[in-house]
$ cat structure24.pdb   # PDB, C-alpha atoms
ATOM      1  CA  MET A   1     -15.159  97.197  79.305
ATOM      2  CA  THR A   2     -12.229  94.928  79.735
ATOM      3  CA  LEU A   3      -8.579  95.827  79.517
ATOM      4  CA  LEU A   4      -8.371  94.314  76.024
ATOM      5  CA  ASP A   5     -11.240  96.511  74.816
ATOM      6  CA  ILE A   6      -9.540  99.657  76.066
ATOM      7  CA  ALA A   7      -6.174  98.585  74.636
ATOM      8  CA  GLN A   8      -7.716  97.891  71.242
ATOM      9  CA  ILE A   9      -9.449 101.272  71.149
ATOM     10  CA  LEU A  10      -6.234 103.103  72.078
ATOM     11  CA  ILE A  11      -4.153 101.155  69.565
ATOM     12  CA  SER A  12      -6.696 101.769  66.815
ATOM     13  CA  ALA A  13      -6.653 105.529  67.482
ATOM     14  CA  LEU A  14      -2.843 105.561  67.447
ATOM     15  CA  LEU A  15      -2.810 103.482  64.260
ATOM     16  CA  ILE A  16      -5.152 105.918  62.525
ATOM     17  CA  ALA A  17      -2.956 108.846  63.610
ATOM     18  CA  ALA A  18       0.217 107.095  62.429
ATOM     19  CA  ILE A  19      -1.316 106.360  59.024
ATOM     20  CA  LEU A  20      -2.522 109.941  58.608
ATOM     21  CA  LEU A  21       0.892 111.360  59.583
ATOM     22  CA  GLN A  22       2.703 109.522  56.822
ATOM     23  CA  GLN A  23       3.488 111.548  53.740
ATOM     24  CA  ARG A  24       1.700 110.610  50.582
ATOM     25  CA  GLY A  25       3.722 108.713  47.981
ATOM     26  CA  GLY A  26       2.800 111.065  45.170
ATOM     27  CA  GLY A  27      -0.335 109.393  43.908
ATOM     28  CA  LEU A  28      -1.355 111.089  40.653
ATOM     29  CA  SER A  29       1.420 113.673  40.728
ATOM     30  CA  GLY A  30       3.199 111.883  37.879
ATOM     31  CA  VAL A  31       0.184 112.444  35.653
ATOM     32  CA  PHE A  32       0.226 116.177  36.328
ATOM     33  CA  GLY A  33       3.957 116.675  35.876
ATOM     34  CA  GLY A  34       5.210 115.916  39.373
ATOM     35  CA  GLU A  35       8.041 113.610  40.333
ATOM     36  CA  SER A  36       7.159 110.211  38.943
ATOM     37  CA  SER A  37      10.005 107.718  39.252
ATOM     38  CA  VAL A  38      12.168 109.004  42.076
ATOM     39  CA  TYR A  39      13.336 106.454  44.620
ATOM     40  CA  ALA A  40      13.775 107.869  48.100
ATOM     41  CA  THR A  41      14.619 106.071  51.311
ATOM     42  CA  LYS A  42      12.791 106.825  54.517
ATOM     43  CA  ARG A  43      14.813 108.838  57.026
ATOM     44  CA  GLY A  44      14.344 110.345  60.435
ATOM     45  CA  ILE A  45      10.827 110.839  61.733
ATOM     46  CA  GLU A  46       9.274 109.384  58.562
ATOM     47  CA  LYS A  47      11.081 106.082  59.166
ATOM     48  CA  ASN A  48      10.031 106.058  62.844
ATOM     49  CA  ILE A  49       6.379 106.665  61.946
ATOM     50  CA  PHE A  50       6.565 103.891  59.343
ATOM     51  CA  ILE A  51       7.984 101.414  61.890
ATOM     52  CA  ALA A  52       5.445 102.523  64.513
ATOM     53  CA  THR A  53       2.641 101.905  62.004
ATOM     54  CA  ILE A  54       3.839  98.346  61.442
ATOM     55  CA  ILE A  55       4.136  97.704  65.187
ATOM     56  CA  LEU A  56       0.705  99.176  65.921
ATOM     57  CA  ALA A  57      -0.912  97.172  63.121
ATOM     58  CA  THR A  58       0.682  93.976  64.446
ATOM     59  CA  LEU A  59      -0.500  94.734  67.984
ATOM     60  CA  PHE A  60      -3.999  95.513  66.726
ATOM     61  CA  ILE A  61      -4.220  92.223  64.830
ATOM     62  CA  GLY A  62      -2.776  90.322  67.793
ATOM     63  CA  ILE A  63      -5.299  91.774  70.223
ATOM     64  CA  SER A  64      -8.128  91.120  67.761
ATOM     65  CA  VAL A  65      -7.153  87.451  67.458
ATOM     66  CA  LEU A  66      -6.730  87.203  71.246
ATOM     67  CA  ARG A  67     -10.207  88.657  71.810
ATOM     68  CA  LEU A  68     -11.605  86.191  69.280
ATOM     69  CA  PHE A  69     -10.427  83.228  71.347
ATOM     70  CA  LEU A  70     -11.336  84.649  74.774
TER      71      LEU A  70
END

$ encode --input "structure24.pdb" --output "structure tokens"
Amino acid sequence: MTLLDIAQILISALLIAAILLQQRGGGLSGVFGGESSVYATKRGIEKNIFIATIILATLFIGISVLRLFL
């Protein structure tokens, strides 16, 4: 395995964890009487996880494209 293979595996595992840690946006809760049209900004750890998800996804795509050309 090359360094890029290992990096891609680690980034993919971290990306999966970051996606699973994010809170759900409500989904079908509006149908069953939950909060339906409430706008809330991301704060604290939720905002950090959201930014980390974007960074990890960008790194994953970058490494995938790099591996394609090497």

$ closest_residue --input "structure24.pdb" --among "A:Ala57, A:Ala40, A:Ala52, A:Ile63" --to "A:Gln8" --atoms "only C-alpha atoms"
A:Ile63

$ atom_distance --input "structure24.pdb" --atom1 "atom CA of A:Ile9" --atom2 "atom CA of A:Gln22"
20.5 Å

$ atom_distance --input "structure24.pdb" --atom1 "atom CA of A:Thr53" --atom2 "atom CA of A:Leu14"
8.5 Å

$ resolve_selection --input "structure24.pdb" --expression "the PyMOL selection byres ((chain A and resi 15) around 9)" --output "ChimeraX atom specification"
/A:10-14,16-20,52-54,56-57,60

$ closest_residue --input "structure24.pdb" --among "A:Ser64, A:Ile45, A:Leu70, A:Ile55" --to "A:Ala7" --atoms "only C-alpha atoms"
A:Ser64

$ atom_distance --input "structure24.pdb" --atom1 "atom CA of A:Val65" --atom2 "atom CA of A:Leu21"
26.4 Å

$ closest_residue --input "structure24.pdb" --among "A:Gln23, A:Lys47, A:Leu4, A:Lys42" --to "A:Leu59" --atoms "only C-alpha atoms"
A:Leu4
